[in-house]
$ cat start.tsv   # TSV, C-alpha atoms
chain	number	residue	atom	x	y	z
L	38	MET	CA	-2.58	38.51	22.66
L	39	THR	CA	-6.34	37.89	22.87
L	40	PRO	CA	-7.16	34.25	23.81
L	41	ARG	CA	-8.88	32.28	21.06
L	42	VAL	CA	-12.61	31.86	21.63
L	43	THR	CA	-13.54	28.18	21.90
L	44	LEU	CA	-16.79	26.31	21.50
L	45	THR	CA	-16.78	25.82	25.27
L	46	ASP	CA	-16.94	29.62	25.67
L	47	VAL	CA	-19.91	29.74	23.29
L	48	ALA	CA	-21.72	26.97	25.16
L	49	ARG	CA	-21.19	28.79	28.47
L	50	GLU	CA	-22.44	32.08	27.04
L	51	ALA	CA	-25.55	30.41	25.57
L	52	GLY	CA	-26.25	28.39	28.71
L	53	VAL	CA	-26.17	25.00	26.95
L	54	SER	CA	-23.99	21.91	27.04
L	55	LEU	CA	-20.89	21.63	24.86
L	56	ALA	CA	-22.55	18.81	22.90
L	57	THR	CA	-25.61	20.96	22.19
L	58	ALA	CA	-23.45	23.89	21.12
L	59	SER	CA	-21.53	21.59	18.78
L	60	ARG	CA	-24.74	20.29	17.18
L	61	ALA	CA	-26.04	23.84	16.77
L	62	ILE	CA	-22.83	25.18	15.20
L	63	ASN	CA	-21.44	22.19	13.34
L	64	GLY	CA	-24.60	20.30	12.50
L	65	ASN	CA	-25.23	16.60	13.05
L	66	LYS	CA	-26.90	14.22	10.64
L	67	ASN	CA	-28.37	12.11	13.45
L	68	ARG	CA	-29.37	14.61	16.18
L	69	LYS	CA	-31.04	18.00	15.75
L	70	VAL	CA	-31.51	20.96	18.14
L	71	ARG	CA	-34.58	23.16	18.54
L	72	ASP	CA	-34.68	26.34	16.48
L	73	ASP	CA	-34.76	28.62	19.55
L	74	ILE	CA	-31.67	26.90	21.04
L	75	ARG	CA	-29.84	27.07	17.72
L	76	GLU	CA	-30.58	30.79	17.46
L	77	ARG	CA	-29.34	31.35	21.05
L	78	VAL	CA	-26.09	29.49	20.35
L	79	HIS	CA	-25.48	31.38	17.10
L	80	ALA	CA	-26.15	34.69	18.86
L	81	ALA	CA	-23.58	33.77	21.52
L	82	ALA	CA	-21.08	32.80	18.83
L	83	GLU	CA	-21.58	36.12	17.02
L	84	LYS	CA	-21.22	38.08	20.25
L	85	LEU	CA	-17.96	36.33	21.12
L	86	ARG	CA	-16.74	36.39	17.48
L	87	TYR	CA	-16.31	32.63	17.47
L	88	SER	CA	-14.95	31.09	14.24
L	89	PRO	CA	-16.01	27.44	13.83
L	90	ASP	CA	-13.48	24.84	12.70
L	91	ALA	CA	-14.40	23.58	9.23
L	92	ASN	CA	-12.95	20.15	9.88
L	93	ALA	CA	-14.88	19.81	13.13
L	94	GLN	CA	-18.07	20.73	11.30
L	95	ALA	CA	-17.43	18.10	8.65
L	96	MET	CA	-16.62	15.45	11.25
L	97	ALA	CA	-19.82	16.23	13.13
L	98	ARG	CA	-21.82	15.76	9.94
L	99	GLY	CA	-19.86	12.66	8.98
L	100	GLU	CA	-18.94	14.27	5.66
L	101	THR	CA	-15.20	14.99	5.68
L	102	LYS	CA	-13.45	15.46	2.34
L	103	GLN	CA	-10.72	13.10	3.51
L	104	LEU	CA	-9.47	9.83	2.06
L	105	GLY	CA	-7.20	7.79	4.32
L	106	LEU	CA	-4.28	6.00	2.63
L	107	ILE	CA	-2.29	3.45	4.63
L	108	VAL	CA	0.96	2.04	3.22
L	109	HIS	CA	3.79	-0.05	4.63
L	110	SER	CA	6.52	2.49	3.85
L	111	ILE	CA	6.59	6.03	2.48
L	112	THR	CA	10.20	5.63	1.32
L	113	ASP	CA	9.58	2.55	-0.85
L	114	PRO	CA	9.09	3.64	-4.51
L	115	TYR	CA	6.43	0.92	-4.95
L	116	PHE	CA	4.15	2.58	-2.39
L	117	SER	CA	4.93	6.15	-3.47
L	118	ALA	CA	3.95	5.33	-7.06
L	119	ILE	CA	0.61	3.87	-5.96
L	120	ALA	CA	0.09	6.82	-3.60
L	121	SER	CA	0.55	9.25	-6.49
L	122	GLY	CA	-2.33	7.57	-8.32
L	123	VAL	CA	-4.53	7.69	-5.23
L	124	MET	CA	-3.84	11.39	-4.77
L	125	VAL	CA	-4.60	12.25	-8.40
L	126	ALA	CA	-7.91	10.37	-8.32
L	127	ALA	CA	-8.89	11.84	-4.95
L	128	GLU	CA	-8.04	15.39	-6.02
L	129	ARG	CA	-10.31	15.04	-9.04
L	130	ARG	CA	-13.15	14.59	-6.58
L	131	GLY	CA	-12.12	17.45	-4.33
L	132	PHE	CA	-10.76	15.17	-1.60
L	133	VAL	CA	-7.57	15.44	0.43
L	134	VAL	CA	-5.47	12.34	1.12
L	135	THR	CA	-4.20	11.66	4.63
L	136	LEU	CA	-1.17	9.39	4.26
L	137	ALA	CA	-0.08	7.08	7.07
L	138	SER	CA	2.71	4.50	7.23
L	139	THR	CA	2.73	1.30	9.26
L	140	GLN	CA	6.54	1.06	8.95
L	141	SER	CA	5.90	-2.61	8.15
L	142	ASN	CA	4.26	-3.21	11.54
L	143	ALA	CA	1.21	-5.40	10.83
L	144	ASN	CA	-0.49	-4.53	14.13
L	145	ARG	CA	-0.10	-0.80	13.43
L	146	GLU	CA	-2.26	-1.22	10.32
L	147	ARG	CA	-5.39	-1.90	12.37
L	148	GLU	CA	-4.61	1.01	14.69
L	149	LEU	CA	-4.33	3.39	11.74
L	150	VAL	CA	-7.62	2.14	10.27
L	151	GLU	CA	-9.34	2.87	13.58
L	152	LEU	CA	-7.70	6.29	13.88
L	153	LEU	CA	-8.65	7.42	10.37
L	154	SER	CA	-12.13	6.00	10.82
L	155	SER	CA	-12.56	8.04	14.01
L	156	GLN	CA	-11.71	11.13	11.96
L	157	ARG	CA	-14.63	10.32	9.65
L	158	ALA	CA	-12.54	9.63	6.56
L	159	HIS	CA	-14.87	9.08	3.62
L	160	ALA	CA	-12.86	6.07	2.48
L	161	LEU	CA	-9.81	4.07	3.48
L	162	VAL	CA	-7.33	2.56	1.00
L	163	VAL	CA	-4.91	0.04	2.52
L	164	VAL	CA	-1.93	-0.86	0.32
L	165	GLY	CA	0.44	-3.77	0.77
L	166	GLY	CA	0.76	-7.54	0.95
L	167	ARG	CA	-0.70	-9.40	3.90
L	168	ARG	CA	1.11	-11.45	6.52
L	169	ALA	CA	-0.03	-15.04	7.00
L	170	ASP	CA	-1.21	-14.36	10.57
L	171	PRO	CA	-4.88	-15.26	11.20
L	172	ALA	CA	-5.15	-13.07	14.30
L	173	VAL	CA	-3.79	-10.00	12.51
L	174	LEU	CA	-6.02	-10.63	9.49
L	175	ALA	CA	-9.10	-11.03	11.69
L	176	ALA	CA	-8.39	-7.82	13.62
L	177	LEU	CA	-7.89	-5.80	10.43
L	178	THR	CA	-10.99	-7.32	8.83
L	179	GLY	CA	-13.01	-6.26	11.88
L	180	ALA	CA	-11.66	-2.69	11.85
L	181	LEU	CA	-12.47	-2.29	8.14
L	182	ALA	CA	-15.95	-3.74	8.65
L	183	GLU	CA	-16.62	-1.22	11.42
L	184	HIS	CA	-15.64	1.65	9.13
L	185	ARG	CA	-18.07	0.39	6.50
L	186	ARG	CA	-20.78	-0.02	9.14
L	187	THR	CA	-20.55	3.70	9.90
L	188	GLY	CA	-20.93	4.60	6.23
L	189	GLY	CA	-17.33	4.65	5.00
L	190	ALA	CA	-15.78	2.74	2.11
L	191	THR	CA	-12.74	0.46	2.33
L	192	VAL	CA	-10.42	-0.83	-0.41
L	193	LEU	CA	-7.39	-3.08	-0.18
L	194	VAL	CA	-4.50	-3.31	-2.65
L	195	GLY	CA	-3.03	-6.78	-2.27
L	196	GLN	CA	-4.56	-10.19	-1.68
L	197	ALA	CA	-8.36	-10.58	-1.53
L	198	VAL	CA	-8.35	-11.95	2.02
L	199	LEU	CA	-10.08	-9.23	4.07
L	200	GLU	CA	-13.72	-9.39	2.90
L	201	THR	CA	-13.57	-5.94	1.29
L	202	ASP	CA	-13.23	-4.46	-2.19
L	203	THR	CA	-9.73	-5.29	-3.42
L	204	VAL	CA	-7.37	-4.45	-6.25
L	205	VAL	CA	-5.53	-7.74	-6.69
L	206	ILE	CA	-2.10	-7.79	-8.32
L	207	ASP	CA	-1.69	-11.06	-10.19
L	208	ASN	CA	1.66	-12.06	-8.71
L	209	VAL	CA	1.22	-15.67	-9.79
L	210	ASP	CA	0.82	-14.89	-13.49
L	211	GLY	CA	3.69	-12.40	-13.39
L	212	ALA	CA	6.10	-14.77	-11.66
L	213	ARG	CA	5.14	-17.65	-13.94
L	214	SER	CA	5.64	-15.56	-17.09
L	215	LEU	CA	8.98	-14.25	-15.87
L	216	ALA	CA	10.20	-17.78	-15.08
L	217	ARG	CA	9.27	-18.93	-18.59
L	218	ALA	CA	11.01	-15.99	-20.23
L	219	LEU	CA	14.23	-16.47	-18.26
L	220	HIS	CA	14.22	-20.25	-18.71
L	221	ALA	CA	13.90	-19.68	-22.46
L	222	ARG	CA	17.02	-17.53	-22.27
L	223	GLY	CA	18.93	-20.47	-20.87
L	224	TYR	CA	19.03	-19.83	-17.13
L	225	ARG	CA	19.18	-23.03	-15.06
L	226	ASP	CA	21.08	-22.13	-11.87
L	227	VAL	CA	18.92	-19.59	-10.02
L	228	ALA	CA	18.94	-18.05	-6.55
L	229	ILE	CA	15.62	-16.60	-5.38
L	230	LEU	CA	15.62	-13.75	-2.87
L	231	ALA	CA	12.25	-14.73	-1.42
L	232	GLY	CA	11.52	-12.04	1.16
L	233	PRO	CA	9.84	-12.92	4.50
L	234	ALA	CA	8.48	-16.47	4.73
L	235	ASP	CA	5.07	-15.28	5.99
L	236	HIS	CA	4.56	-12.43	3.51
L	237	LEU	CA	1.85	-13.46	1.05
L	238	THR	CA	3.08	-11.34	-1.86
L	239	ALA	CA	6.61	-12.67	-1.44
L	240	GLN	CA	5.26	-16.22	-1.16
L	241	GLU	CA	3.22	-15.93	-4.35
L	242	ARG	CA	6.12	-14.59	-6.37
L	243	ALA	CA	8.92	-16.79	-5.01
L	244	GLN	CA	7.03	-20.08	-4.90
L	245	THR	CA	5.40	-19.65	-8.30
L	246	PHE	CA	8.73	-18.73	-9.90
L	247	ALA	CA	10.43	-21.81	-8.40
L	248	GLN	CA	7.53	-24.13	-9.28
L	249	GLU	CA	7.44	-22.95	-12.90
L	250	LEU	CA	11.17	-23.50	-13.33
L	251	ALA	CA	10.75	-27.01	-11.91
L	252	LEU	CA	7.95	-27.74	-14.40
L	253	LEU	CA	10.06	-26.46	-17.28
L	254	GLY	CA	12.85	-28.81	-16.22
L	255	GLY	CA	16.60	-28.79	-15.81
L	256	ALA	CA	16.76	-25.90	-13.35
L	257	ARG	CA	18.31	-25.78	-9.89
L	258	THR	CA	16.94	-23.16	-7.48
L	259	THR	CA	18.08	-21.90	-4.10
L	260	MET	CA	15.65	-19.87	-1.99
L	261	VAL	CA	16.83	-17.38	0.65
L	262	HIS	CA	14.43	-15.53	2.96
L	263	SER	CA	15.08	-12.00	4.21
L	264	ARG	CA	13.38	-8.68	4.79
L	265	PHE	CA	11.25	-7.26	1.96
L	266	THR	CA	13.60	-4.27	1.64
L	267	ARG	CA	16.75	-3.07	-0.10
L	268	ASP	CA	18.85	-4.13	2.90
L	269	GLY	CA	17.09	-7.48	2.89
L	270	GLY	CA	18.08	-7.99	-0.75
L	271	ARG	CA	21.67	-7.04	-0.02
L	272	ASP	CA	21.92	-9.37	3.00
L	273	ALA	CA	20.30	-12.29	1.16
L	274	THR	CA	22.68	-11.87	-1.78
L	275	GLN	CA	25.65	-11.90	0.55
L	276	ASP	CA	24.31	-15.17	2.01
L	277	VAL	CA	24.02	-16.66	-1.49
L	278	LEU	CA	27.55	-15.66	-2.48
L	279	ARG	CA	29.08	-17.30	0.58
L	280	SER	CA	28.40	-20.72	-0.91
L	281	ALA	CA	27.85	-20.29	-4.66
L	282	ARG	CA	27.71	-18.00	-7.65
L	283	PRO	CA	24.40	-18.61	-9.46
L	284	GLU	CA	23.79	-17.73	-13.09
L	285	LEU	CA	20.79	-15.64	-12.11
L	286	ILE	CA	19.43	-13.93	-8.99
L	287	PHE	CA	15.69	-13.24	-8.92
L	288	ALA	CA	14.52	-10.81	-6.23
L	289	VAL	CA	10.78	-10.81	-5.49
L	290	ASN	CA	10.67	-7.01	-5.65
L	291	ASP	CA	12.79	-4.37	-7.35
L	292	VAL	CA	13.87	-2.73	-4.11
L	293	MET	CA	15.44	-6.04	-3.04
L	294	ALA	CA	17.01	-6.32	-6.50
L	295	LEU	CA	18.71	-2.95	-5.96
L	296	GLY	CA	20.13	-4.28	-2.71
L	297	ALA	CA	21.31	-7.37	-4.57
L	298	LEU	CA	23.02	-5.19	-7.18
L	299	ALA	CA	24.87	-3.33	-4.42
L	300	ALA	CA	26.01	-6.60	-2.83
L	301	LEU	CA	27.23	-7.96	-6.16
L	302	THR	CA	29.15	-4.77	-6.86
L	303	ASP	CA	30.73	-4.88	-3.39
L	304	ALA	CA	31.80	-8.48	-4.10
L	305	GLY	CA	33.55	-7.38	-7.30
L	306	LEU	CA	30.98	-9.09	-9.54
L	307	ARG	CA	29.50	-7.51	-12.67
L	308	VAL	CA	25.88	-7.64	-13.81
L	309	PRO	CA	25.22	-9.31	-16.20
L	310	GLN	CA	28.72	-10.50	-17.15
L	311	ASP	CA	29.21	-12.50	-13.92
L	312	VAL	CA	25.68	-12.81	-12.50
L	313	SER	CA	22.36	-11.89	-14.10
L	314	LEU	CA	19.64	-10.14	-12.08
L	315	ALA	CA	15.85	-9.76	-12.25
L	316	GLY	CA	13.20	-8.13	-10.07
L	317	PHE	CA	9.46	-7.48	-9.91
L	318	ASP	CA	7.35	-4.24	-9.96
L	319	ASP	CA	9.23	-1.91	-12.36
L	320	ILE	CA	9.55	0.99	-9.92
L	321	ASP	CA	10.48	4.42	-11.32
L	322	ALA	CA	13.90	4.31	-9.64
L	323	LEU	CA	15.00	1.68	-12.19
L	324	GLN	CA	15.30	4.42	-14.81
L	325	ASP	CA	18.58	5.46	-13.19
L	326	VAL	CA	20.02	1.95	-12.76
L	327	THR	CA	22.74	0.42	-14.94
L	328	PRO	CA	22.39	-2.16	-16.32
L	329	ARG	CA	18.70	-1.78	-17.04
L	330	LEU	CA	16.86	-4.32	-14.88
L	331	THR	CA	14.67	-7.12	-16.16
L	332	THR	CA	11.45	-7.11	-14.15
L	333	VAL	CA	7.68	-7.55	-14.22
L	334	HIS	CA	6.13	-4.18	-15.03
L	335	LEU	CA	3.14	-3.20	-12.90
L	336	PRO	CA	1.11	-0.03	-13.68
L	337	LEU	CA	1.58	1.26	-10.13
L	338	HIS	CA	0.16	4.76	-10.66
L	339	ASP	CA	-2.90	3.28	-12.39
L	340	ILE	CA	-3.33	0.81	-9.52
L	341	GLY	CA	-3.69	3.78	-7.17
L	342	ILE	CA	-6.30	5.32	-9.45
L	343	ALA	CA	-8.21	2.02	-9.69
L	344	ALA	CA	-8.26	1.63	-5.91
L	345	THR	CA	-9.59	5.18	-5.46
L	346	ASP	CA	-12.23	4.73	-8.15
L	347	LEU	CA	-13.36	1.59	-6.33
L	348	ALA	CA	-13.55	3.52	-3.05
L	349	PHE	CA	-15.93	6.05	-4.62
L	350	ALA	CA	-18.05	3.50	-6.48
L	351	ALA	CA	-21.59	2.81	-5.35
L	352	PRO	CA	-21.74	0.17	-2.58
L	353	ALA	CA	-22.14	-3.44	-3.71
L	354	PRO	CA	-23.70	-6.40	-1.83
L	355	GLU	CA	-20.49	-8.45	-2.14
L	356	PRO	CA	-16.80	-7.47	-2.11
L	357	ARG	CA	-15.54	-6.56	-5.58
L	358	VAL	CA	-12.21	-7.60	-7.05
L	359	VAL	CA	-10.28	-5.70	-9.74
L	360	ARG	CA	-7.40	-7.78	-11.11
L	361	VAL	CA	-4.22	-6.22	-12.46
L	362	GLN	CA	-1.72	-8.21	-14.49
L	363	GLY	CA	1.93	-7.42	-14.94
L	364	THR	CA	4.03	-7.51	-18.10
L	365	VAL	CA	7.41	-9.21	-18.31
L	366	THR	CA	9.99	-6.64	-19.37
L	367	ILE	CA	13.32	-8.11	-20.45
L	368	ARG	CA	16.24	-5.69	-20.23
L	369	ASP	CA	20.04	-5.65	-20.18
L	370	SER	CA	20.47	-7.44	-16.84
L	371	THR	CA	19.46	-10.86	-18.28
L	372	PRO	CA	21.04	-11.43	-21.72
L	373	GLY	CA	21.36	-15.16	-21.02
L	374	PRO	CA	24.19	-17.06	-19.32
L	375	PRO	CA	27.54	-17.09	-21.13
L	376	GLY	CA	27.99	-20.05	-23.49
L	377	ARG	CA	24.29	-20.83	-23.91
$ encode --input "start.tsv" --output "structure tokens"
Amino acid sequence: MTPRVTLTDVAREAGVSLATASRAINGNKNRKVRDDIRERVHAAAEKLRYSPDANAQAMARGETKQLGLIVHSITDPYFSAIASGVMVAAERRGFVVTLASTQSNANRERELVELLSSQRAHALVVVGGRRADPAVLAALTGALAEHRRTGGATVLVGQAVLETDTVVIDNVDGARSLARALHARGYRDVAILAGPADHLTAQERAQTFAQELALLGGARTTMVHSRFTRDGGRDATQDVLRSARPELIFAVNDVMALGALAALTDAGLRVPQDVSLAGFDDIDALQDVTPRLTTVHLPLHDIGIAATDLAFAAPAPEPRVVRVQGTVTIRDSTPGPPGR
């Protein structure tokens, strides 16, 4: 098998440095080579039958057709729905999406931003709620700023806390509206599966929901913290059931609500006959769940499109914010407590 000809071979044949050969073959928007050197390098490449790498050429010019998408989890339906919107909007522009997962490791987020930036991604879209950790937020803010400094665009889906363009999901309005709707149905004894204590999305949803019930009056709430996952919802529900059986369990995302449903079923309890259940997000997986889950509907696919559109918009002097509101969707899982 004939060894593949490399750019190093071309540089040696032309009698130039590897960097010069790269600039002559791939182009460079900042540094040019003399015409006679370029011709010598191209003649060497033709003689050796060298085939340049298209991606390397694009990286050298700083013009890759790549959009970097960073999510917390590729298995969570919330992130996959947003990712589908990003991919549709990127494809319309002839771009390819490189998808990376932090696996819910906040420090890994910054590392992935730096990696995708080094690959000259045109834009970076970072999806997911922030952790209330000033050091982590500062490090990620710095990495995103560096990508913008080199000509890239950056967009966050989550809280507007990183000094960049952001698609903000109005968790406060959604949680407040859901609390009002469920209070109107008669629910007064409520357990809140609140997710991690330092997760800003979980905080906004859990605390707003509890505060609104308190303002409406007559309600008793219990708040249990756990992971922001299906297993976290299951474990938190098991903790709740060890001491009480509430009228209603509210999970701060639908994936946790599915874990809660599994825990209730394992405990021999029926939804909604024994315990009612509500979530937040309206992920596609709910279409296959019985009973149909009450939740706050978010246009997740459209959120991905909005974030991508923002990434390709003309630069602005100040960070832009696009706000997305949810819609309370009452379904079979919350008919109201028996007797009320």
$ residues_around --input "start.tsv" --residues "Ala351 of chain L" --least-positions-apart "2" --cutoff "12 Å" --atoms "all atoms listed in the file" --output "NGL selection string"
:L and (188-191 or 202 or 346-349 or 353-357)
$ write_last_selection --input "start.tsv" --atoms "C-alpha atoms" --output "short mmCIF file (atom, residue, chain, number, x, y, z; two decimals), in the coordinates of the input"
data_model
loop_
_atom_site.label_atom_id
_atom_site.label_comp_id
_atom_site.auth_asym_id
_atom_site.auth_seq_id
_atom_site.Cartn_x
_atom_site.Cartn_y
_atom_site.Cartn_z
CA GLY L 188 -20.93 4.60 6.23
CA GLY L 189 -17.33 4.65 5.00
CA ALA L 190 -15.78 2.74 2.11
CA THR L 191 -12.74 0.46 2.33
CA ASP L 202 -13.23 -4.46 -2.19
CA ASP L 346 -12.23 4.73 -8.15
CA LEU L 347 -13.36 1.59 -6.33
CA ALA L 348 -13.55 3.52 -3.05
CA PHE L 349 -15.93 6.05 -4.62
CA ALA L 353 -22.14 -3.44 -3.71
CA PRO L 354 -23.70 -6.40 -1.83
CA GLU L 355 -20.49 -8.45 -2.14
CA PRO L 356 -16.80 -7.47 -2.11
CA ARG L 357 -15.54 -6.56 -5.58
#
$ closest_residue --input "start.tsv" --among "L:Asp272, L:Asp226, L:Asp235, L:Asp319" --to "Asp303 of chain L" --atoms "all atoms listed in the file"
L:Asp272
$ residues_around --input "start.tsv" --residues "Gln275 of chain L" --least-positions-apart "4" --cutoff "7 Å" --atoms "all atoms listed in the file" --output "compact mmCIF listing (two decimals) with C-alpha atoms, in the coordinates of the input"
# COMPACT_ATOMS: atom_id res chain seq x y z
CA ARG L 271 21.67 -7.04 -0.02
CA ARG L 279 29.08 -17.30 0.58
CA ALA L 300 26.01 -6.60 -2.83
$ residues_around --input "start.tsv" --residues "Ala281 of chain L" --least-positions-apart "4" --cutoff "12 Å" --atoms "only C-alpha atoms" --output "PyMOL selection string"
chain L and resi 226-228+258-259+274-277+285-286+312
$ atom_distance --input "start.tsv" --atom1 "atom CA of Phe116 of chain L" --atom2 "atom CA of His338 of chain L"
9.4 Å
$ atom_distance --input "start.tsv" --atom1 "atom CA of Arg168 of chain L" --atom2 "atom CA of Thr139 of chain L"
13.1 Å
$ atom_distance --input "start.tsv" --atom1 "atom CA of Leu193 of chain L" --atom2 "atom CA of Val162 of chain L"
5.8 Å
$ closest_residue --input "start.tsv" --among "L:Arg157, L:Arg360, L:Arg368, L:Lys84" --to "Arg329 of chain L" --atoms "only C-alpha atoms"
L:Arg368
$ residues_around --input "start.tsv" --residues "Tyr224 of chain L" --least-positions-apart "2" --cutoff "12 Å" --atoms "all atoms listed in the file" --output "PyMOL selection string"
chain L and resi 215-222+226-228+250+253-258+283-287+312-315+371-377
$ closest_residue --input "start.tsv" --among "L:Arg86, L:His262, L:His109, L:His79" --to "Val164 of chain L" --atoms "all atoms listed in the file"
L:His109
$ closest_residue --input "start.tsv" --among "L:Lys69, L:Ala231, L:Thr203, L:His236" --to "Ala143 of chain L" --atoms "all atoms listed in the file"
L:His236
$ closest_residue --input "start.tsv" --among "L:Val70, L:Met124, L:Val198, L:Ile367" --to "Ala169 of chain L" --atoms "only C-alpha atoms"
L:Val198
$ closest_residue --input "start.tsv" --among "L:Tyr87, L:Ala58, L:Leu136, L:Met260" --to "Arg41 of chain L" --atoms "all atoms listed in the file"
L:Tyr87
$ residues_near_point --input "start.tsv" --point "(13.3, -15.3, 0.9)" --cutoff "7 Å" --atoms "only C-alpha atoms" --output "MDAnalysis selection string"
chainID L and resid 229:234 260:263
$ residues_around --input "start.tsv" --residues "Gly52 of chain L" --least-positions-apart "4" --cutoff "10 Å" --atoms "all atoms listed in the file" --output "mmCIF file with C-alpha atoms, keeping the file's coordinate frame"
data_model
loop_
_atom_site.group_PDB
_atom_site.id
_atom_site.type_symbol
_atom_site.label_atom_id
_atom_site.label_comp_id
_atom_site.auth_asym_id
_atom_site.auth_seq_id
_atom_site.Cartn_x
_atom_site.Cartn_y
_atom_site.Cartn_z
ATOM 1 C CA ASP L 46 -16.940 29.620 25.670
ATOM 2 C CA VAL L 47 -19.910 29.740 23.290
ATOM 3 C CA ALA L 48 -21.720 26.970 25.160
ATOM 4 C CA THR L 57 -25.610 20.960 22.190
ATOM 5 C CA ALA L 58 -23.450 23.890 21.120
ATOM 6 C CA ILE L 74 -31.670 26.900 21.040
ATOM 7 C CA ARG L 77 -29.340 31.350 21.050
ATOM 8 C CA VAL L 78 -26.090 29.490 20.350
ATOM 9 C CA ALA L 81 -23.580 33.770 21.520
#
